[in-house]
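Since the structure comes first, as structure tokens, the remarks are kept for the end.
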Amino acid sequence: METLIEVKNLVKKYGNHLAVDHLNFTIEEGHIYGFLGPNGAGKSTTMNIMTGYLGATEGEVLINGHDILKEPEEAKKQIGYLPELPPLYMDMTVREYMEFAAELKKIPKEKRAESIEDVEKLVKIKDVEKRLIKNLSKGYRQRVGLAQAVLGFPEIIILDEPSVGLDPKQIIEIRELIRKLAKKHTVILSSHILAEVREVCDYIMIISKGKLVASDTPENLERYLGESGLIEIETRTEASKVKEVLKNVPGIEKVSLKIDASGITSGQIREKRGQDIREELFTTFAEKKMPLLKLNPVQVSLEDVFMELTQSDKAAEEFARKAKEAEKGEVSNAGDL
Ligand SMILES: Nc1ncnc2c1ncn2[C@@H]1O[C@H](COP(=O)(O)OP(=O)(O)OP(=O)(O)O)[C@@H](O)[C@H]1O
């Protein structure tokens, strides 16, 4: 697969504030990437640098091998960008604005009309092309912003929070449109909403405090981080006896139990790092004739992962460790085959 964008050691400082902190990643052809991070994480700043709207303090961005600062024309030609606040001219009609955008993009005169028609149909703004932008709803304005990004059908389309401020129906429409675009283009979008990124993107980059704290497919992120090291159990045996039995099971870090009104003891067992004590638990309880009603490893959702990664530096470090281990595991598995 072809590498379209290389971001190398990117740093952006606003005064003393490090908005982008040594970012490194590549964008490969044919995916829908999601930049996910809380407000202020540095998503817009990164996108503005990648698209040549903002200079970096350090580092470099290559678009199809062209440095965005040294060869801006060549690099920008390959990108369509919808910034957080689309640069719309309120007193222009939609069509006038599209003509203006086509001129800026240097689309040859003889191809302009056709190019605009194609995009207007795709984004469904043909019906409003004679209306002034200031009289359009927020949803339609966003579509016009998207239309100027898509105009000329560049290879890479970058969208900053494309669904912010839209109503649920418009959000669904925008998502459908993004999926449609992704059939022929590489799309990068940012969002602070995990559900949105998970729904549309096949690759997620989690950004927190200007740093890339995780980057993988949604499935892999869930897999690496899904195991919490916690096991839920339930039994009719008294809590004190359960505690006694658990003392003899190696690999346990912590136990917390409670009894409900019906006499069922339930609780959580935290395993020591890297241990899997499920079989040991099962046989120990069975030997003592203390049947377990439940023995269930607690799965962490992508929501939990996101919250943890973006709130705690320790969690982010832990993620990096797990991802490395998983990578090593995959390499050695491949070797075994
Ligand atoms: N022009 C600026 N001057 C000073 N600080 C800035 C400027 N632009 C952004 N920042 C700061 O840089 C950090 C990153 O901002 P950025 O807009 O890139 O984040 P974001 O992830 O896109 O969040 P949002 O979704 O809220 O835009 C924030 O702390 C922000 O306050």
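Here's how to read the names in the structure tokens: chain A, B, ... by the order shown, residue numbers from 1 in each chain, ligand numbers from 1 in the order shown.
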Open item on the list: Which residues are near ligand 1 in this structure, taking near to mean any atom at most 6 Å from a ligand atom and counting only C-alpha atoms and all ligand atoms? Format them as a list in words.
Closed with: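 Result of the 6 Å neighbour search around ligand 1: Tyr14, Ala19, Asn39, Gly40, Ala41, Gly42, Lys43, Ser44 and Thr45 of chain A.
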Task: Picked from region 75-278 of chain A by DSSP as helix (DSSP H, G or I), as an MDAnalysis selection string - done: chainID A and resid 75:76 94:104 109:123 126:128 133:135 138:150 168:182 194:200 218:226 239:247 278
Could you write out the selected residues, including C-alpha atoms, as a CSV table (one decimal), in the first residue's frame?
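And here's result12.csv as it stands now:
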chain,number,residue,atom,x,y,z
A,75,ALA,CA,1.6,19.1,-1.9
A,76,LYS,CA,-1.7,21.1,-1.5
A,94,VAL,CA,-23.4,28.6,-3.4
A,95,ARG,CA,-22.6,28.5,-7.1
A,96,GLU,CA,-20.5,31.6,-6.9
A,97,TYR,CA,-18.6,30.2,-4.0
A,98,MET,CA,-17.9,27.0,-5.8
A,99,GLU,CA,-16.7,28.9,-8.9
A,100,PHE,CA,-14.4,30.9,-6.6
A,101,ALA,CA,-13.1,27.7,-5.0
A,102,ALA,CA,-12.5,26.1,-8.4
A,103,GLU,CA,-10.5,29.1,-9.4
A,104,LEU,CA,-8.4,28.9,-6.2
A,109,LYS,CA,-11.6,26.7,-17.0
A,110,GLU,CA,-13.0,24.2,-19.4
A,111,LYS,CA,-13.4,21.6,-16.7
A,112,ARG,CA,-14.8,23.9,-14.0
A,113,ALA,CA,-18.5,23.6,-14.7
A,114,GLU,CA,-18.4,19.8,-14.9
A,115,SER,CA,-16.3,19.5,-11.8
A,116,ILE,CA,-18.7,21.7,-9.8
A,117,GLU,CA,-21.7,19.9,-11.1
A,118,ASP,CA,-20.3,16.5,-10.1
A,119,VAL,CA,-19.5,17.7,-6.5
A,120,GLU,CA,-22.8,19.5,-6.1
A,121,LYS,CA,-24.6,16.4,-7.0
A,122,LEU,CA,-22.5,14.2,-4.7
A,123,VAL,CA,-22.9,16.5,-1.7
A,126,LYS,CA,-27.4,21.4,-6.4
A,127,ASP,CA,-30.9,22.5,-5.3
A,128,VAL,CA,-29.5,25.4,-3.3
A,133,ILE,CA,-24.7,31.1,1.8
A,134,LYS,CA,-25.9,33.3,4.7
A,135,ASN,CA,-29.5,32.0,4.2
A,138,LYS,CA,-25.9,25.0,9.4
A,139,GLY,CA,-26.2,21.5,7.8
A,140,TYR,CA,-26.2,22.9,4.3
A,141,ARG,CA,-23.4,25.3,5.1
A,142,GLN,CA,-21.4,22.3,6.3
A,143,ARG,CA,-22.1,20.6,3.0
A,144,VAL,CA,-20.9,23.6,1.1
A,145,GLY,CA,-17.7,23.5,3.1
A,146,LEU,CA,-17.4,19.8,2.3
A,147,ALA,CA,-18.1,20.5,-1.3
A,148,GLN,CA,-15.1,22.9,-1.6
A,149,ALA,CA,-12.9,20.3,0.1
A,150,VAL,CA,-14.0,17.6,-2.4
A,168,PRO,CA,-28.8,13.6,14.0
A,169,LYS,CA,-30.3,13.3,10.5
A,170,GLN,CA,-27.6,15.5,9.0
A,171,ILE,CA,-24.9,13.6,11.0
A,172,ILE,CA,-26.1,10.3,9.4
A,173,GLU,CA,-26.1,12.0,5.9
A,174,ILE,CA,-22.6,13.3,6.4
A,175,ARG,CA,-21.3,9.9,7.6
A,176,GLU,CA,-22.8,8.3,4.5
A,177,LEU,CA,-21.2,10.8,2.3
A,178,ILE,CA,-17.8,10.2,4.0
A,179,ARG,CA,-18.1,6.5,3.4
A,180,LYS,CA,-19.0,7.1,-0.2
A,181,LEU,CA,-15.9,9.4,-0.6
A,182,ALA,CA,-13.7,6.8,1.0
A,194,LEU,CA,-15.5,8.0,20.0
A,195,ALA,CA,-18.8,6.6,18.6
A,196,GLU,CA,-18.5,8.7,15.5
A,197,VAL,CA,-14.9,7.6,14.8
A,198,ARG,CA,-15.6,4.0,15.5
A,199,GLU,CA,-18.6,4.1,13.2
A,200,VAL,CA,-16.9,5.6,10.1
A,218,PRO,CA,-10.7,-0.2,16.4
A,219,GLU,CA,-10.6,-4.0,16.7
A,220,ASN,CA,-7.0,-4.1,17.7
A,221,LEU,CA,-7.4,-1.3,20.2
A,222,GLU,CA,-10.1,-3.3,21.9
A,223,ARG,CA,-8.1,-6.4,21.8
A,224,TYR,CA,-4.9,-5.0,23.3
A,225,LEU,CA,-6.7,-3.2,25.9
A,226,GLY,CA,-9.8,-5.3,26.3
A,239,ALA,CA,-17.8,-14.6,51.4
A,240,SER,CA,-15.4,-15.7,54.3
A,241,LYS,CA,-15.0,-19.2,52.8
A,242,VAL,CA,-14.4,-17.7,49.4
A,243,LYS,CA,-11.7,-15.5,50.8
A,244,GLU,CA,-10.1,-18.5,52.5
A,245,VAL,CA,-10.0,-20.5,49.3
A,246,LEU,CA,-8.7,-17.6,47.2
A,247,LYS,CA,-5.7,-17.3,49.6
A,278,ARG,CA,-9.2,-18.7,35.3
Task: CA of Lys105 (chain A) to CA of Gly80 (chain A), distance in Å rounded to a single decimal - done: 9.6 Å
Task: Which of A:Glu155, A:Glu234, A:Glu73, A:Asp167 sits closest to Phe285 (chain A) [using only C-alpha atoms] - done: A:Glu234
TODO: Would you list the contacts of Phe306 (chain A) as a ChimeraX atom specification, taking every protein, DNA or RNA residue within 10 Å and counting only C-alpha atoms, but skipping same-chain residues closer than 5 positions in sequence?
DONE: /A:36-38,193-194,206-208,213-214,221,301,311,315-316
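For region 133-210 of chain A, backbone-based DSSP labels the following residues as strand (DSSP E or B): A:Ile156, A:Ile157, A:Ile158, A:Leu159, A:Asp160, A:Thr186, A:Val187, A:Ile188, A:Leu189, A:Ser190, A:Ser191, A:Tyr203, A:Ile204, A:Met205, A:Ile206, A:Ile207, A:Ser208.
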The selected residues should be written to file as a short mmCIF file (atom, residue, chain, number, x, y, z; two decimals), in the first residue's frame (atoms: N, CA and C atoms).
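Listing of again.cif after writing:
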data_model
loop_
_atom_site.label_atom_id
_atom_site.label_comp_id
_atom_site.auth_asym_id
_atom_site.auth_seq_id
_atom_site.Cartn_x
_atom_site.Cartn_y
_atom_site.Cartn_z
N ILE A 156 -6.47 12.99 -1.21
CA ILE A 156 -6.62 12.95 0.25
C ILE A 156 -7.66 13.99 0.68
N ILE A 157 -8.60 13.58 1.52
CA ILE A 157 -9.60 14.53 2.00
C ILE A 157 -9.51 14.59 3.53
N ILE A 158 -9.30 15.82 4.04
CA ILE A 158 -9.09 16.00 5.48
C ILE A 158 -10.24 16.84 6.03
N LEU A 159 -10.94 16.30 7.03
CA LEU A 159 -12.14 16.95 7.54
C LEU A 159 -12.02 17.17 9.05
N ASP A 160 -12.07 18.43 9.47
CA ASP A 160 -11.94 18.72 10.90
C ASP A 160 -13.34 18.79 11.52
N THR A 186 -8.62 8.74 0.18
CA THR A 186 -8.19 8.48 1.55
C THR A 186 -8.73 9.63 2.39
N VAL A 187 -9.42 9.29 3.47
CA VAL A 187 -10.08 10.32 4.27
C VAL A 187 -9.49 10.34 5.68
N ILE A 188 -9.24 11.54 6.17
CA ILE A 188 -8.83 11.71 7.57
C ILE A 188 -9.85 12.64 8.20
N LEU A 189 -10.46 12.23 9.28
CA LEU A 189 -11.38 13.15 9.95
C LEU A 189 -11.05 13.21 11.43
N SER A 190 -11.40 14.35 12.03
CA SER A 190 -11.16 14.46 13.47
C SER A 190 -12.49 14.50 14.18
N SER A 191 -12.47 14.09 15.42
CA SER A 191 -13.68 14.11 16.22
C SER A 191 -13.30 13.95 17.68
N TYR A 203 -9.31 3.09 11.02
CA TYR A 203 -8.06 3.23 11.74
C TYR A 203 -8.20 4.42 12.70
N ILE A 204 -7.86 4.22 13.95
CA ILE A 204 -8.06 5.29 14.94
C ILE A 204 -6.71 5.75 15.49
N MET A 205 -6.54 7.07 15.55
CA MET A 205 -5.36 7.62 16.21
C MET A 205 -5.85 8.44 17.39
N ILE A 206 -5.49 8.03 18.57
CA ILE A 206 -5.95 8.77 19.75
C ILE A 206 -4.88 9.80 20.14
N ILE A 207 -5.31 11.05 20.19
CA ILE A 207 -4.38 12.14 20.50
C ILE A 207 -4.77 12.75 21.84
N SER A 208 -3.78 12.92 22.68
CA SER A 208 -4.04 13.53 23.98
C SER A 208 -2.88 14.46 24.31
#
Please list as a tab-separated table (two decimals) with C-alpha atoms, in the first residue's frame every residue within 12 Å of Gly59 (chain A), counting only C-alpha atoms and excluding residues in the same chain fewer than 4 positions away.
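File produced: selection11.tsv:
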chain	number	residue	atom	x	y	z
A	6	GLU	CA	4.38	11.21	6.45
A	7	VAL	CA	4.35	13.28	9.59
A	8	LYS	CA	7.77	13.35	11.20
A	9	ASN	CA	8.55	14.63	14.65
A	10	LEU	CA	5.98	17.40	14.44
A	11	VAL	CA	6.03	20.04	17.17
A	12	LYS	CA	3.88	23.17	17.54
A	13	LYS	CA	4.39	25.60	20.37
A	20	VAL	CA	1.63	19.31	19.30
A	21	ASP	CA	4.28	17.24	21.00
A	22	HIS	CA	6.58	15.28	18.67
A	23	LEU	CA	3.96	13.55	16.53
A	24	ASN	CA	5.00	10.78	14.16
A	25	PHE	CA	2.63	8.84	11.93
A	46	THR	CA	-2.10	19.08	13.48
A	49	ILE	CA	-0.09	22.02	9.73
A	50	MET	CA	-0.66	18.97	7.53
A	55	GLY	CA	3.71	26.47	10.13
A	67	ASP	CA	7.24	18.84	1.69
A	68	ILE	CA	4.19	20.93	2.57
A	69	LEU	CA	6.36	23.98	3.29
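Reported to one decimal place, the separation of CA of Ile231 (chain A) from CA of Leu295 (chain A) is 6.7 Å.
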- [ ] Work out how far CA of Val255 (chain A) is from CA of Gln268 (chain A), in Å to one decimal.
- [x] 5.9 Å
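Closest approach to Leu85 (chain A) among A:Gly267, A:Pro72, A:Gly30, A:Pro162 is made by A:Pro162 (distances from only C-alpha atoms).
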Task: For Leu281 (chain A), the nearest of the candidates A:Met92, A:Leu257, A:Leu309, A:Ile233, counting only C-alpha atoms - done: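 Of the candidates, the smallest distance to Leu281 (chain A) is held by A:Ile233.
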Open item on the list: Quick one: residues within 8 Å of Gly251 (chain A), only C-alpha atoms, excluding same-chain residues fewer than 4 positions away - as a ChimeraX atom specification?
Closed with: /A:271-272,275-277
Store the residues picked out above in a file with N, CA and C atoms, as a short mmCIF file (atom, residue, chain, number, x, y, z; two decimals), in the first residue's frame.
data_model
loop_
_atom_site.label_atom_id
_atom_site.label_comp_id
_atom_site.auth_asym_id
_atom_site.auth_seq_id
_atom_site.Cartn_x
_atom_site.Cartn_y
_atom_site.Cartn_z
N GLU A 271 -6.07 -9.98 38.80
CA GLU A 271 -4.90 -10.85 38.60
C GLU A 271 -3.62 -10.03 38.64
N LYS A 272 -2.52 -10.68 39.01
CA LYS A 272 -1.23 -10.00 38.86
C LYS A 272 -0.94 -9.85 37.38
N GLN A 275 -0.82 -12.64 34.33
CA GLN A 275 -1.31 -13.94 34.79
C GLN A 275 -2.68 -14.23 34.19
N ASP A 276 -2.96 -15.52 34.01
CA ASP A 276 -4.32 -15.91 33.64
C ASP A 276 -4.71 -17.03 34.60
N ILE A 277 -5.55 -16.69 35.58
CA ILE A 277 -5.81 -17.65 36.66
C ILE A 277 -7.18 -18.31 36.52
#
- [ ] Find, counting only C-alpha atoms, the residue in A:Gly52, A:Gly65, A:Asp216, A:Glu232 that gets nearest to Asp202 (chain A).
- [x] A:Asp216
